[in-house]
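> For reference, this is structure_23.txt, and it has compact mmCIF, C-alpha atoms.
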```txt
# COMPACT_ATOMS: atom_id res chain seq x y z
CA MET A 2 -112.11 53.26 -28.22
CA ILE A 3 -108.56 52.33 -27.21
CA ARG A 4 -109.57 52.30 -23.55
CA CYS A 5 -112.40 49.88 -24.11
CA MET A 6 -110.12 47.66 -26.19
CA LYS A 7 -107.58 47.36 -23.38
CA SER A 8 -109.75 45.10 -21.30
CA PRO A 9 -110.21 42.22 -23.81
CA ALA A 10 -106.60 42.60 -24.88
CA ARG A 11 -105.46 42.22 -21.32
CA LEU A 12 -107.76 39.26 -20.87
CA GLY A 13 -106.35 37.62 -23.98
CA LEU A 14 -102.78 38.24 -22.91
CA LEU A 15 -103.58 36.88 -19.47
CA LEU A 16 -105.03 33.70 -20.97
CA LEU A 17 -101.95 33.34 -23.15
CA ALA A 18 -99.66 33.76 -20.15
CA VAL A 19 -101.62 31.13 -18.20
CA CYS A 20 -101.33 28.70 -21.14
CA LEU A 21 -97.58 29.26 -21.38
CA CYS A 22 -97.00 28.95 -17.65
CA SER A 23 -99.05 25.76 -17.40
CA ALA A 24 -96.55 24.09 -19.74
CA GLY A 25 -94.07 23.89 -16.89
CA CYS A 26 -96.47 22.77 -14.19
CA GLU A 27 -96.92 19.05 -14.85
CA LYS A 28 -95.03 17.97 -11.73
CA THR A 29 -97.29 18.92 -8.87
CA ALA A 30 -97.54 17.25 -5.49
CA ARG A 31 -100.85 15.76 -4.37
CA ASP A 32 -102.46 16.45 -1.08
CA LEU A 33 -103.62 13.17 0.41
CA HIS A 34 -104.84 14.20 3.82
CA LEU A 35 -104.03 11.88 6.71
CA ASP A 36 -106.38 11.72 9.70
CA GLU A 37 -104.18 10.23 12.43
CA VAL A 38 -107.03 9.45 14.83
CA LEU A 39 -109.01 7.70 12.11
CA ALA A 40 -105.88 5.80 11.06
CA HIS A 41 -105.33 4.51 14.60
CA GLU A 42 -108.99 3.54 14.95
CA SER A 43 -109.00 1.77 11.58
CA CYS A 44 -105.89 -0.22 12.40
CA GLU A 45 -107.44 -1.32 15.72
CA LYS A 46 -110.71 -2.28 13.98
CA PHE A 47 -108.77 -4.25 11.38
CA LEU A 48 -106.82 -6.20 13.99
CA THR A 49 -109.84 -6.70 16.22
CA ALA A 50 -111.74 -8.21 13.27
CA TRP A 51 -108.86 -10.64 12.71
CA LYS A 52 -108.74 -11.49 16.41
CA ASP A 53 -112.51 -12.09 16.42
CA GLY A 54 -112.13 -14.62 13.63
CA ARG A 55 -113.79 -12.54 10.92
CA SER A 56 -112.46 -12.05 7.40
CA ALA A 57 -110.83 -8.93 5.99
CA ASP A 58 -113.46 -8.82 3.26
CA GLU A 59 -116.17 -8.21 5.89
CA LEU A 60 -114.60 -4.82 6.63
CA LYS A 61 -114.97 -3.61 3.05
CA PRO A 62 -115.71 -0.98 1.87
CA ALA A 63 -115.13 0.93 5.10
CA ILE A 64 -111.62 -0.47 5.52
CA ILE A 65 -109.61 -2.09 2.76
CA GLY A 66 -106.92 -4.17 4.38
CA ARG A 67 -104.54 -7.03 3.86
CA ASP A 68 -102.30 -9.23 5.96
CA TYR A 69 -100.77 -12.31 4.39
CA ALA A 70 -100.71 -14.21 7.72
CA TRP A 71 -104.46 -13.60 8.00
CA ASP A 72 -104.84 -14.76 4.38
CA ALA A 73 -102.87 -17.90 5.21
CA GLY A 74 -105.29 -18.78 8.01
CA ASP A 75 -103.17 -17.83 11.03
CA LYS A 76 -105.18 -16.91 14.13
CA LEU A 77 -104.49 -13.63 15.91
CA ILE A 78 -104.40 -14.37 19.63
CA ALA A 79 -103.42 -10.88 20.78
CA PHE A 80 -101.99 -7.64 19.46
CA GLU A 81 -100.25 -4.70 21.05
CA VAL A 82 -99.79 -1.36 19.28
CA GLN A 83 -96.26 -0.07 19.87
CA PRO A 84 -95.43 3.59 20.54
CA ASP A 85 -92.99 4.40 17.69
CA VAL A 86 -95.65 5.53 15.21
CA PHE A 87 -94.33 7.37 12.15
CA ASN A 88 -96.35 9.84 10.08
CA ASP A 89 -94.95 10.18 6.55
CA GLY A 90 -97.46 12.83 5.59
CA THR A 91 -99.71 10.46 3.63
CA ASN A 92 -99.65 7.29 5.73
CA LEU A 93 -99.32 6.38 9.37
CA HIS A 94 -96.78 3.61 9.98
CA ILE A 95 -98.03 1.78 13.08
CA PRO A 96 -95.76 -0.84 14.66
CA VAL A 97 -97.70 -3.73 16.21
CA LYS A 98 -96.64 -6.81 18.16
CA LEU A 99 -98.70 -9.79 16.99
CA SER A 100 -99.20 -13.06 18.89
CA LEU A 101 -100.18 -15.63 16.29
CA GLU A 102 -101.18 -19.26 16.10
CA SER A 103 -100.63 -21.06 12.80
CA LYS A 104 -103.05 -23.59 11.32
CA SER A 105 -100.86 -26.36 12.73
CA GLY A 106 -101.23 -24.85 16.21
CA GLN A 107 -97.72 -23.39 16.44
CA ALA A 108 -97.61 -20.16 18.47
CA SER A 109 -95.35 -17.28 17.50
CA THR A 110 -94.92 -13.56 18.02
CA SER A 111 -93.81 -11.04 15.44
CA ASN A 112 -93.22 -7.32 15.30
CA VAL A 113 -94.75 -5.88 12.16
CA VAL A 114 -95.66 -2.47 10.77
CA TYR A 115 -99.01 -1.54 9.25
CA VAL A 116 -99.11 1.29 6.73
CA VAL A 117 -102.45 3.04 7.21
CA GLY A 118 -103.83 5.67 4.86
CA THR A 119 -107.11 7.56 5.22
CA SER A 120 -107.38 9.37 1.88
CA PRO A 121 -108.98 8.80 -0.59
CA VAL A 122 -110.05 5.56 1.15
CA ILE A 123 -109.00 3.86 4.38
CA THR A 124 -106.33 1.25 3.72
CA VAL A 125 -104.50 -0.96 6.23
CA ILE A 126 -101.67 -2.87 4.56
CA ARG A 127 -98.93 -4.81 6.31
CA ASP A 128 -95.52 -3.40 5.34
CA MET B 605 -110.42 69.35 -35.34
CA SER B 606 -110.94 65.69 -34.66
CA HIS B 607 -108.19 63.67 -32.85
CA ARG B 608 -109.80 60.29 -33.31
CA ARG B 609 -107.08 57.60 -32.87
CA ARG B 610 -107.35 54.42 -34.86
CA GLY B 611 -107.04 51.37 -32.60
CA PHE B 612 -107.54 47.64 -32.94
CA THR B 613 -111.07 46.38 -32.98
CA LEU B 614 -112.19 43.63 -30.66
CA ILE B 615 -112.44 41.18 -33.55
CA GLU B 616 -108.90 41.94 -34.67
CA LEU B 617 -107.55 41.33 -31.20
CA LEU B 618 -109.45 38.10 -30.77
CA VAL B 619 -108.21 36.85 -34.13
CA VAL B 620 -104.61 37.64 -33.19
CA ILE B 621 -105.01 35.93 -29.84
CA ALA B 622 -106.57 32.88 -31.49
CA ILE B 623 -103.71 32.66 -33.99
CA ILE B 624 -101.15 32.94 -31.19
CA ALA B 625 -103.00 30.26 -29.19
CA ILE B 626 -102.99 27.91 -32.19
CA LEU B 627 -99.28 28.49 -32.74
CA VAL B 628 -98.54 27.86 -29.06
CA SER B 629 -100.61 24.67 -29.07
CA LEU B 630 -98.62 23.47 -32.09
CA LEU B 631 -95.33 24.44 -30.49
CA LEU B 632 -95.92 23.09 -26.98
CA PRO B 633 -95.66 19.36 -27.80
CA ALA B 634 -92.37 20.00 -29.59
CA VAL B 635 -91.09 21.99 -26.63
CA GLN B 636 -92.16 19.25 -24.21
CA GLN B 637 -90.50 16.60 -26.37
CA ALA B 638 -87.28 18.59 -26.42
CA ARG B 639 -87.42 18.97 -22.66
CA GLU B 640 -88.04 15.22 -22.19
CA ALA B 641 -85.15 14.44 -24.55
CA ALA B 642 -82.88 16.58 -22.40
CA ARG B 643 -84.13 14.90 -19.23
CA ARG B 644 -83.63 11.49 -20.80
CA THR B 645 -80.05 12.33 -21.76
CA GLN B 646 -79.34 13.48 -18.21
CA CYS B 647 -80.96 10.31 -16.89
CA LYS B 648 -78.75 8.14 -19.11
CA ASN B 649 -75.67 10.11 -18.13
CA ASN B 650 -76.39 9.55 -14.42
CA LEU B 651 -76.53 5.82 -15.06
CA LYS B 652 -73.21 5.99 -16.91
CA GLN B 653 -71.61 7.84 -14.00
CA LEU B 654 -72.87 5.25 -11.54
CA GLY B 655 -71.34 2.54 -13.76
CA LEU B 656 -67.98 4.32 -13.67
CA ALA B 657 -68.26 4.67 -9.90
CA LEU B 658 -68.96 0.95 -9.50
CA HIS B 659 -65.97 0.11 -11.71
CA ASN B 660 -63.73 2.40 -9.66
CA TYR B 661 -65.04 0.78 -6.48
CA HIS B 662 -64.20 -2.65 -7.93
CA ASP B 663 -60.73 -1.47 -8.96
CA ASN B 664 -60.00 -0.27 -5.44
CA LEU B 665 -61.62 -3.00 -3.35
CA GLY B 666 -61.53 -6.03 -5.65
CA CYS B 667 -65.29 -6.59 -5.75
CA LEU B 668 -68.58 -4.81 -6.29
CA PRO B 669 -70.47 -3.61 -3.20
CA SER B 670 -73.12 -5.94 -1.79
CA GLY B 671 -76.76 -5.39 -2.72
CA THR B 672 -77.40 -5.30 1.01
CA GLY B 673 -74.19 -4.95 2.93
CA GLY B 674 -73.38 -4.95 6.65
CA ASN B 675 -76.23 -3.38 8.68
CA GLY B 676 -78.33 -3.11 5.50
CA PHE B 677 -76.53 -0.37 3.58
CA SER B 678 -77.05 -0.09 -0.16
CA PRO B 679 -74.37 -0.05 -2.87
CA HIS B 680 -75.36 3.59 -3.36
CA ALA B 681 -74.06 4.42 0.10
CA ARG B 682 -70.81 2.55 -0.59
CA ILE B 683 -69.96 4.30 -3.84
CA LEU B 684 -70.46 7.85 -2.60
CA PRO B 685 -66.71 8.65 -2.61
CA TYR B 686 -66.61 7.71 -6.31
CA ILE B 687 -69.32 10.22 -7.27
CA ASP B 688 -67.72 13.20 -5.53
CA GLN B 689 -69.73 12.73 -2.33
CA SER B 690 -66.94 11.96 0.15
CA PRO B 691 -68.21 14.49 2.73
CA LEU B 692 -71.61 12.75 2.74
CA PHE B 693 -69.94 9.33 2.92
CA ASN B 694 -67.94 10.50 5.93
CA ILE B 695 -71.01 11.42 7.97
CA ILE B 696 -72.68 8.02 7.47
CA ASP B 697 -72.37 5.81 10.53
CA PHE B 698 -71.90 2.36 8.98
CA ASN B 699 -71.76 0.76 12.45
CA VAL B 700 -75.51 1.17 12.91
CA SER B 701 -78.55 0.64 10.68
CA PRO B 702 -79.34 3.10 7.88
CA ASN B 703 -82.58 3.82 9.77
CA HIS B 704 -80.71 4.74 12.97
CA ALA B 705 -80.96 8.34 14.19
CA ASN B 706 -77.22 8.77 13.55
CA ASN B 707 -77.95 8.48 9.83
CA LEU B 708 -80.93 10.81 9.70
CA VAL B 709 -79.18 13.53 7.70
CA PRO B 710 -77.80 11.31 4.90
CA ARG B 711 -81.01 9.25 4.87
CA MET B 712 -83.15 12.30 4.14
CA MET B 713 -80.82 13.80 1.54
CA ASN B 714 -81.71 13.84 -2.16
CA LEU B 715 -78.71 13.45 -4.45
CA PRO B 716 -79.04 14.49 -8.12
CA ALA B 717 -76.83 11.52 -9.05
CA PHE B 718 -79.55 9.13 -7.88
CA LEU B 719 -82.45 11.01 -9.50
CA CYS B 720 -83.67 10.61 -13.05
CA PRO B 721 -85.04 14.02 -14.11
CA SER B 722 -87.89 12.33 -16.01
CA ASN B 723 -89.29 10.86 -12.80
CA THR B 724 -92.42 12.46 -11.31
CA ASP B 725 -92.03 12.43 -7.55
CA LYS B 726 -95.35 11.76 -5.79
CA LEU B 727 -93.93 10.43 -2.53
CA PRO B 728 -94.49 12.17 0.81
CA GLY B 729 -91.61 14.48 1.65
CA ASN B 730 -90.27 12.94 4.82
CA LEU B 731 -89.71 9.35 3.69
CA GLY B 732 -86.08 9.95 2.76
CA GLY B 733 -83.78 10.55 -0.19
CA ARG B 734 -85.17 9.28 -3.48
CA ASN B 735 -83.55 6.72 -5.77
CA ASN B 736 -84.30 5.99 -9.43
CA TYR B 737 -81.29 3.77 -10.18
CA TRP B 738 -81.64 0.21 -8.97
CA THR B 739 -79.18 -2.69 -8.91
CA ASN B 740 -79.83 -6.04 -10.56
CA THR B 741 -80.46 -8.86 -8.09
CA GLY B 742 -81.19 -11.43 -10.81
CA THR B 743 -83.95 -13.76 -11.92
CA THR B 744 -84.71 -15.65 -8.73
CA VAL B 745 -87.80 -14.80 -6.70
CA LEU B 746 -86.46 -14.76 -3.16
CA ASN B 747 -85.99 -11.52 -1.31
CA GLY B 748 -82.62 -12.34 0.23
CA MET B 749 -80.99 -15.72 0.64
CA PRO B 750 -82.69 -19.13 0.85
CA SER B 751 -83.42 -20.52 4.29
CA THR B 752 -80.95 -23.06 5.71
CA VAL B 753 -83.63 -24.58 7.94
CA PRO B 754 -85.25 -27.75 6.52
CA GLY B 755 -89.03 -27.38 6.52
CA ASN B 756 -88.89 -23.63 5.92
CA PRO B 757 -90.82 -22.79 2.71
CA ASN B 758 -87.74 -21.06 1.31
CA PHE B 759 -85.37 -23.94 2.10
CA GLY B 760 -83.55 -25.16 -1.00
CA MET B 761 -84.61 -22.20 -3.17
CA PRO B 762 -81.92 -20.98 -5.60
CA VAL B 763 -79.42 -18.32 -4.53
CA PRO B 764 -79.85 -14.97 -6.35
CA ASP B 765 -78.09 -15.06 -9.73
CA GLY B 766 -77.72 -11.31 -10.31
CA VAL B 767 -74.91 -8.98 -9.38
CA PHE B 768 -76.17 -7.37 -6.16
CA PHE B 769 -77.80 -9.24 -3.28
CA ASN B 770 -77.23 -9.96 0.41
CA SER B 771 -73.49 -9.81 1.15
CA SER B 772 -72.88 -10.57 -2.55
CA LYS B 773 -69.46 -8.90 -3.13
CA ILE B 774 -69.41 -10.13 -6.72
CA LYS B 775 -66.16 -9.84 -8.67
CA PHE B 776 -66.10 -9.25 -12.43
CA ARG B 777 -64.55 -12.70 -12.83
CA ASP B 778 -67.73 -14.17 -11.26
CA ILE B 779 -69.77 -12.78 -14.14
CA THR B 780 -69.17 -15.73 -16.41
CA ASP B 781 -71.91 -14.76 -18.89
CA GLY B 782 -69.69 -11.78 -19.74
CA THR B 783 -69.83 -8.22 -18.49
CA SER B 784 -71.27 -7.02 -21.80
CA ASN B 785 -74.11 -9.56 -21.50
CA THR B 786 -75.08 -8.94 -17.88
CA ALA B 787 -77.14 -6.11 -16.42
CA MET B 788 -75.74 -4.07 -13.56
CA MET B 789 -78.36 -1.36 -12.95
CA SER B 790 -81.56 -0.03 -14.43
CA GLU B 791 -84.17 2.59 -13.69
CA LYS B 792 -87.23 2.49 -11.48
CA MET B 793 -89.80 5.20 -10.86
CA THR B 794 -90.69 6.26 -7.34
CA GLY B 795 -94.06 5.07 -6.03
CA ASP B 796 -97.30 7.00 -5.68
CA GLY B 797 -97.03 6.97 -1.86
CA SER B 798 -100.63 5.93 -1.30
CA ASN B 799 -102.23 2.49 -0.90
CA GLY B 800 -105.57 4.16 -1.61
CA ILE B 801 -104.62 4.79 -5.24
CA SER B 802 -103.74 2.05 -7.71
CA SER B 803 -100.83 2.93 -10.02
CA PRO B 804 -100.00 -0.23 -12.00
CA ARG B 805 -96.69 1.18 -13.27
CA THR B 806 -95.25 2.00 -9.86
CA ASP B 807 -97.14 0.10 -7.14
CA THR B 808 -96.06 -3.30 -5.86
CA TYR B 809 -99.08 -5.63 -5.62
CA GLN B 810 -99.72 -8.71 -3.47
CA PRO B 811 -101.30 -11.60 -5.39
CA GLY B 812 -101.15 -13.81 -2.27
CA THR B 813 -99.71 -16.71 -4.26
CA TYR B 814 -96.45 -18.65 -3.88
CA PRO B 815 -94.32 -18.54 -7.06
CA SER B 816 -91.27 -20.77 -7.20
CA ASN B 817 -89.68 -19.36 -10.34
CA ALA B 818 -89.54 -16.28 -12.57
CA GLU B 819 -92.29 -17.27 -14.98
CA GLU B 820 -94.71 -18.16 -12.17
CA ALA B 821 -93.94 -14.83 -10.52
CA TYR B 822 -94.72 -13.04 -13.79
CA GLN B 823 -97.95 -14.94 -14.44
CA PHE B 824 -99.25 -14.56 -10.87
CA CYS B 825 -98.46 -10.85 -10.94
CA MET B 826 -100.20 -10.24 -14.26
CA ALA B 827 -103.31 -12.03 -12.94
CA VAL B 828 -103.79 -9.47 -10.14
CA ASP B 829 -106.85 -7.23 -10.34
CA VAL B 830 -105.10 -3.86 -9.95
CA ASN B 831 -108.42 -2.18 -9.17
CA ASP B 832 -108.76 -4.26 -6.00
CA LEU B 833 -107.07 -2.02 -3.44
CA SER B 834 -106.72 -4.92 -1.00
CA LYS B 835 -104.06 -6.26 -3.40
CA GLN B 836 -101.87 -3.22 -2.75
CA GLY B 837 -98.48 -4.03 -1.33
CA ILE B 838 -95.93 -1.25 -1.32
CA SER B 839 -96.51 2.25 -2.60
CA ASN B 840 -93.52 3.96 -0.97
CA ILE B 841 -91.13 2.80 -3.67
CA GLY B 842 -87.67 4.29 -4.12
CA VAL B 843 -86.82 5.56 -0.63
CA PRO B 844 -84.39 5.84 1.02
CA TRP B 845 -81.38 5.27 -1.25
CA ILE B 846 -79.15 4.57 1.74
CA LEU B 847 -81.04 1.35 2.56
CA GLY B 848 -80.32 -1.76 0.47
CA ASP B 849 -83.80 -3.20 0.05
CA ASN B 850 -86.27 -4.53 -2.53
CA ASP B 851 -88.37 -1.37 -2.32
CA SER B 852 -85.53 1.11 -2.35
CA THR B 853 -82.48 -0.07 -4.31
CA TYR B 854 -82.60 -3.52 -5.98
CA TYR B 855 -84.88 -4.89 -8.70
CA TYR B 856 -85.49 -8.28 -10.31
CA HIS B 857 -85.15 -9.44 -13.91
CA THR B 858 -88.21 -11.66 -13.67
CA GLN B 859 -90.64 -9.02 -14.97
CA PRO B 860 -90.11 -7.28 -18.32
CA PRO B 861 -89.20 -3.58 -18.37
CA ASN B 862 -92.17 -1.35 -17.48
CA GLY B 863 -93.93 -4.51 -16.28
CA ARG B 864 -95.89 -4.94 -13.08
CA SER B 865 -94.22 -5.46 -9.69
CA CYS B 866 -95.41 -7.88 -7.02
CA ARG B 867 -94.43 -9.36 -3.71
CA TYR B 868 -95.50 -12.73 -2.42
CA PRO B 869 -95.43 -14.67 0.80
CA PRO B 870 -93.10 -15.92 2.21
CA SER B 871 -90.55 -13.20 1.39
CA ARG B 872 -90.61 -13.53 -2.40
CA MET B 873 -90.42 -10.60 -4.80
CA ALA B 874 -90.70 -9.61 -8.43
CA SER B 875 -90.09 -5.90 -8.83
CA ALA B 876 -89.65 -4.60 -12.34
CA ALA B 877 -87.40 -1.95 -13.84
CA ASN B 878 -89.50 0.91 -15.23
CA SER B 879 -89.28 4.49 -16.36
CA GLU B 880 -91.27 7.43 -17.63
CA HIS B 881 -89.40 7.34 -20.95
CA ILE B 882 -91.64 6.22 -23.77
CA GLY B 883 -91.22 2.56 -24.69
CA GLY B 884 -88.57 1.20 -22.37
CA VAL B 885 -85.81 1.69 -19.81
CA HIS B 886 -82.14 2.50 -19.71
CA LEU B 887 -79.96 -0.43 -18.73
CA LEU B 888 -76.39 -0.21 -17.44
CA MET B 889 -74.42 -3.29 -18.41
CA CYS B 890 -71.58 -4.62 -16.26
CA ASP B 891 -69.04 -3.44 -18.86
CA GLY B 892 -70.22 0.15 -18.32
CA ALA B 893 -72.28 0.48 -21.49
CA VAL B 894 -75.74 2.07 -21.20
CA LYS B 895 -78.44 0.79 -23.56
CA PHE B 896 -82.09 1.65 -24.04
CA VAL B 897 -84.10 -1.57 -23.82
CA ASN B 898 -87.51 -1.75 -25.45
CA GLN B 899 -90.29 -2.82 -23.09
CA SER B 900 -91.41 -5.46 -25.57
CA ILE B 901 -88.12 -7.37 -25.20
CA ASP B 902 -88.58 -11.12 -24.99
CA ARG B 903 -88.92 -12.19 -21.33
CA VAL B 904 -86.47 -15.07 -21.77
CA LEU B 905 -83.86 -12.69 -23.19
CA TRP B 906 -84.50 -10.13 -20.42
CA ARG B 907 -83.96 -12.84 -17.81
CA ALA B 908 -80.81 -14.03 -19.58
CA ILE B 909 -79.42 -10.49 -19.32
CA GLY B 910 -80.30 -10.53 -15.62
CA SER B 911 -78.30 -13.61 -14.68
CA ARG B 912 -74.53 -13.40 -14.33
CA ASP B 913 -73.75 -17.09 -14.74
CA GLY B 914 -76.68 -18.75 -16.49
CA GLY B 915 -74.67 -19.63 -19.59
CA GLU B 916 -77.39 -18.31 -21.90
CA VAL B 917 -76.68 -17.17 -25.44
CA ILE B 918 -77.57 -13.48 -25.60
CA SER B 919 -78.83 -12.23 -28.96
CA GLU B 920 -78.92 -8.60 -30.06
CA PHE B 921 -81.30 -6.42 -28.08
```
What do you get writing this file as C-alpha cells?

Amino acid sequence: MIRCMKSPARLGLLLLAVCLCSAGCEKTARDLHLDEVLAHESCEKFLTAWKDGRSADELKPAIIGRDYAWDAGDKLIAFEVQPDVFNDGTNLHIPVKLSLESKSGQASTSNVVYVVGTSPVITVIRD
Amino acid sequence: MSHRRRGFTLIELLVVIAIIAILVSLLLPAVQQAREAARRTQCKNNLKQLGLALHNYHDNLGCLPSGTGGNGFSPHARILPYIDQSPLFNIIDFNVSPNHANNLVPRMMNLPAFLCPSNTDKLPGNLGGRNNYWTNTGTTVLNGMPSTVPGNPNFGMPVPDGVFFNSSKIKFRDITDGTSNTAMMSEKMTGDGSNGISSPRTDTYQPGTYPSNAEEAYQFCMAVDVNDLSKQGISNIGVPWILGDNDSTYYYHTQPPNGRSCRYPPSRMASAANSEHIGGVHLLMCDGAVKFVNQSIDRVLWRAIGSRDGGEVISEF
C-alpha cells in the first residue's frame, strides 16, 4: 500500500516544487530569432520601393517600414549599403548611404542606419 | 502474524497537497509584494547615491556634468569616480567617441548603480551596459540645441530648460526655480528590443508630426495608434549608459510619468520617465531629495518641476 502511495505523493510534491520555483522565474529573456539574409533582403526591398517611387504602405504586410524622409516626400535617387553591419541578436543594424532629393529639388546625401528585425514580423525602421 | 502497515490513502495525500497549494497561492502574492518592496527600496537608494555623486561632482568642478559632453559622453560616465568606480573611469578614453573600439569594455559593462532591480531587461545582450536612471533635459521638444541657420526648421526654437543637455554644465546657482523644486534625474525602463512588438510603456513611437511645444508633443504622441508597427521608433531604450543620448540617458518632462514616448521629425523628442513600480516613478530633485511621484500628477506641475528657470509656483506633489 505504501509503495503504491509513493507515486502520487511524489507527483504532488513535484507539482508543489514547480509552483514554488516558478515564483522566481518572471524575468526570462525572449528569443526573437534574427534571419540575417532575410533582414538584408528586406532592407534592400524597402529602399528599392522608395527609389521606385512607391509608398511604404504598399510593402505591408510583408515588410513594415518607416522613414521620415520618405514620409516627407523626399525622393531616393540612390542608396548604397555600407559594410559595418551590426547584429545585436534581435535586430540587424544596417548602415546605408542615401542620395536624396527634397520636394524643392535640393539634392543631399546622408549616412543613416536602418534597424531591421525579422521576428515576429519583418520591420525596417530608420534609427 | 500480520505486519500490515498503515499508510496514507490517496485521498488524504491529495487533500494535503491541495491545502498546501491553496496556502502557497495565498502566500505567493505577499512574498512577491515583499520582494518588489525590497527592489523598490534599492531602486530609490541608487537614485539617492547618484544624487550625492552629482553633488560631489559639482563641489569639485563647480558645475554639473553636461547631458551630452565632449565626444558624446553621458553624465553617468563623468560621475564614475564619485560612485566608487574610479578604475572603470580610468579605462574610458574620453578623447574618442563612446562608441569607439577603445571604449568597448566600459560600454558593455553593466553597473548595479545604474540598474533599478525592478526593471525587467528584455534587450539583446550585446547592445551595451544598461541604464535605468535618466537625467532631466527639461520641457522643450528639441533633441539638442536649436539650429543657428535661418530657414532650418529648428531655427529659433527654445534652448532646453532642464539641467542636463548638450554642453550644459549647469551650476546650482543657474537653477533659479530652486533646487528643491527642480528635477535632476528619474527612472526609465529599458526597451523591449524589438520593433516587431509594440510595448506602449517602453517603446518610442513616431507620429510623423511636427510639435513645437510640450503640449503638442504630448497630444501628438497620445494620438498614435500603438498597434500600427510602422509607427515604431526606438525599441533599444536604455543602452549604453556611457553615451549621452535621448535613448540612453536623458528624458523630457513633456510627458507625464509612465506616459508614452515619441520622437518627431526634425530631431524633436518627448521621452517619458517610467518605471515598473505601481503608480508612478521615483524622482531625484536637485537638492538631493528622492520623491515618489504619482503618474496622475498634473502635466503642468510635472513640466514646472522639469524646468530650472521657468519661475513657476510649485505646489505640493
> Given the choices A:Lys76, A:His34, A:Lys98, A:Arg67, which gets closest to chain B if the distance is worked out from all atoms listed in the file?
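Once distances to chain B are computed over all atoms listed in the file, the minimum belongs to A:Arg67.
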> Under the rule of at most 8 Å, produce a per-residue listing of chain B near chain A: chain, number, name, the closest pair of atoms, and the distance in Å, as a tab-separated table, using all atoms listed in the file.

```
residue	atom	partner	partner_atom	distance
B:Arg609	CA	A:Ile3	CA	7.9
B:Gly611	CA	A:Ile3	CA	5.7
B:Phe612	CA	A:Met6	CA	7.2
B:Thr613	CA	A:Met6	CA	7.0
B:Leu614	CA	A:Met6	CA	6.4
B:Leu617	CA	A:Ala10	CA	6.5
B:Leu618	CA	A:Gly13	CA	7.5
B:Ile621	CA	A:Gly13	CA	6.2
B:Ala625	CA	A:Leu17	CA	6.9
B:Val628	CA	A:Leu21	CA	7.9
B:Leu632	CA	A:Ala24	CA	7.3
B:Gln636	CA	A:Ala24	CA	7.9
B:Thr724	CA	A:Lys28	CA	6.1
B:Asp725	CA	A:Lys28	CA	7.6
B:Lys726	CA	A:Ala30	CA	5.9
B:Pro728	CA	A:Gly90	CA	5.7
B:Gly729	CA	A:Gly90	CA	7.2
B:Asn730	CA	A:Asp89	CA	5.7
B:Leu731	CA	A:Asp89	CA	6.0
B:Gly797	CA	A:Thr91	CA	7.0
B:Ser798	CA	A:Thr91	CA	6.8
B:Asn799	CA	A:Thr124	CA	6.3
B:Gly800	CA	A:Val122	CA	5.4
B:Ile801	CA	A:Pro121	CA	7.5
B:Gly812	CA	A:Tyr69	CA	6.8
B:Leu833	CA	A:Ile65	CA	6.7
B:Ser834	CA	A:Gly66	CA	5.4
B:Lys835	CA	A:Arg67	CA	7.3
B:Gln836	CA	A:Ile126	CA	7.3
B:Gly837	CA	A:Ile126	CA	6.8
B:Ile838	CA	A:Asp128	CA	7.0
B:Pro869	CA	A:Tyr69	CA	6.9
```
> Expressed in Å to a single decimal, how great is the separation between CA of Arg805 in chain B and CA of Asp851 in chain B?
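A separation of 14.0 Å between them.
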> Let me make sure I understand: among B:Gln823, B:Gln810, B:Ser771, B:Asn735, which one has the smallest atom-to-atom distance to Gly795 in chain B if we use only C-alpha atoms?
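Using only C-alpha atoms, Gly795 in chain B sits closest to B:Asn735.
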> Excluding Leu746 in chain B and residues on its chain fewer than 6 positions from it, collect all residues at most 12 Å away from it, counting only C-alpha atoms, and give them as an mmCIF file with C-alpha atoms, keeping the file's coordinate frame.

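selection.cif written:
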```cif
data_model
loop_
_atom_site.group_PDB
_atom_site.id
_atom_site.type_symbol
_atom_site.label_atom_id
_atom_site.label_comp_id
_atom_site.auth_asym_id
_atom_site.auth_seq_id
_atom_site.Cartn_x
_atom_site.Cartn_y
_atom_site.Cartn_z
ATOM 1 C CA PRO B 757 -90.820 -22.790 2.710
ATOM 2 C CA ASN B 758 -87.740 -21.060 1.310
ATOM 3 C CA PHE B 759 -85.370 -23.940 2.100
ATOM 4 C CA GLY B 760 -83.550 -25.160 -1.000
ATOM 5 C CA MET B 761 -84.610 -22.200 -3.170
ATOM 6 C CA PRO B 762 -81.920 -20.980 -5.600
ATOM 7 C CA VAL B 763 -79.420 -18.320 -4.530
ATOM 8 C CA PRO B 764 -79.850 -14.970 -6.350
ATOM 9 C CA ASP B 765 -78.090 -15.060 -9.730
ATOM 10 C CA GLY B 766 -77.720 -11.310 -10.310
ATOM 11 C CA PHE B 769 -77.800 -9.240 -3.280
ATOM 12 C CA ASN B 770 -77.230 -9.960 0.410
ATOM 13 C CA TYR B 814 -96.450 -18.650 -3.880
ATOM 14 C CA PRO B 815 -94.320 -18.540 -7.060
ATOM 15 C CA SER B 816 -91.270 -20.770 -7.200
ATOM 16 C CA ASN B 817 -89.680 -19.360 -10.340
ATOM 17 C CA ALA B 818 -89.540 -16.280 -12.570
ATOM 18 C CA ALA B 821 -93.940 -14.830 -10.520
ATOM 19 C CA ASN B 850 -86.270 -4.530 -2.530
ATOM 20 C CA TYR B 855 -84.880 -4.890 -8.700
ATOM 21 C CA TYR B 856 -85.490 -8.280 -10.310
ATOM 22 C CA THR B 858 -88.210 -11.660 -13.670
ATOM 23 C CA CYS B 866 -95.410 -7.880 -7.020
ATOM 24 C CA ARG B 867 -94.430 -9.360 -3.710
ATOM 25 C CA TYR B 868 -95.500 -12.730 -2.420
ATOM 26 C CA PRO B 869 -95.430 -14.670 0.800
ATOM 27 C CA PRO B 870 -93.100 -15.920 2.210
ATOM 28 C CA SER B 871 -90.550 -13.200 1.390
ATOM 29 C CA ARG B 872 -90.610 -13.530 -2.400
ATOM 30 C CA MET B 873 -90.420 -10.600 -4.800
ATOM 31 C CA ALA B 874 -90.700 -9.610 -8.430
ATOM 32 C CA SER B 875 -90.090 -5.900 -8.830
#
```
> Extract, using all atoms listed in the file, all DNA, RNA and protein residues at most 9 Å from Thr110 in chain A, discarding same-chain residues fewer than 4 positions from it, and format them as a list in words.
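With the cut-off at 9 Å, the set is Lys98, Leu99, Ser100, Leu101 and Glu102 of chain A.
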> Quick one: distance from CA of Asn898 in chain B to CA of Ala877 in chain B in Å, one decimal?
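Going from CA of Asn898 in chain B over to CA of Ala877 in chain B covers 11.6 Å.
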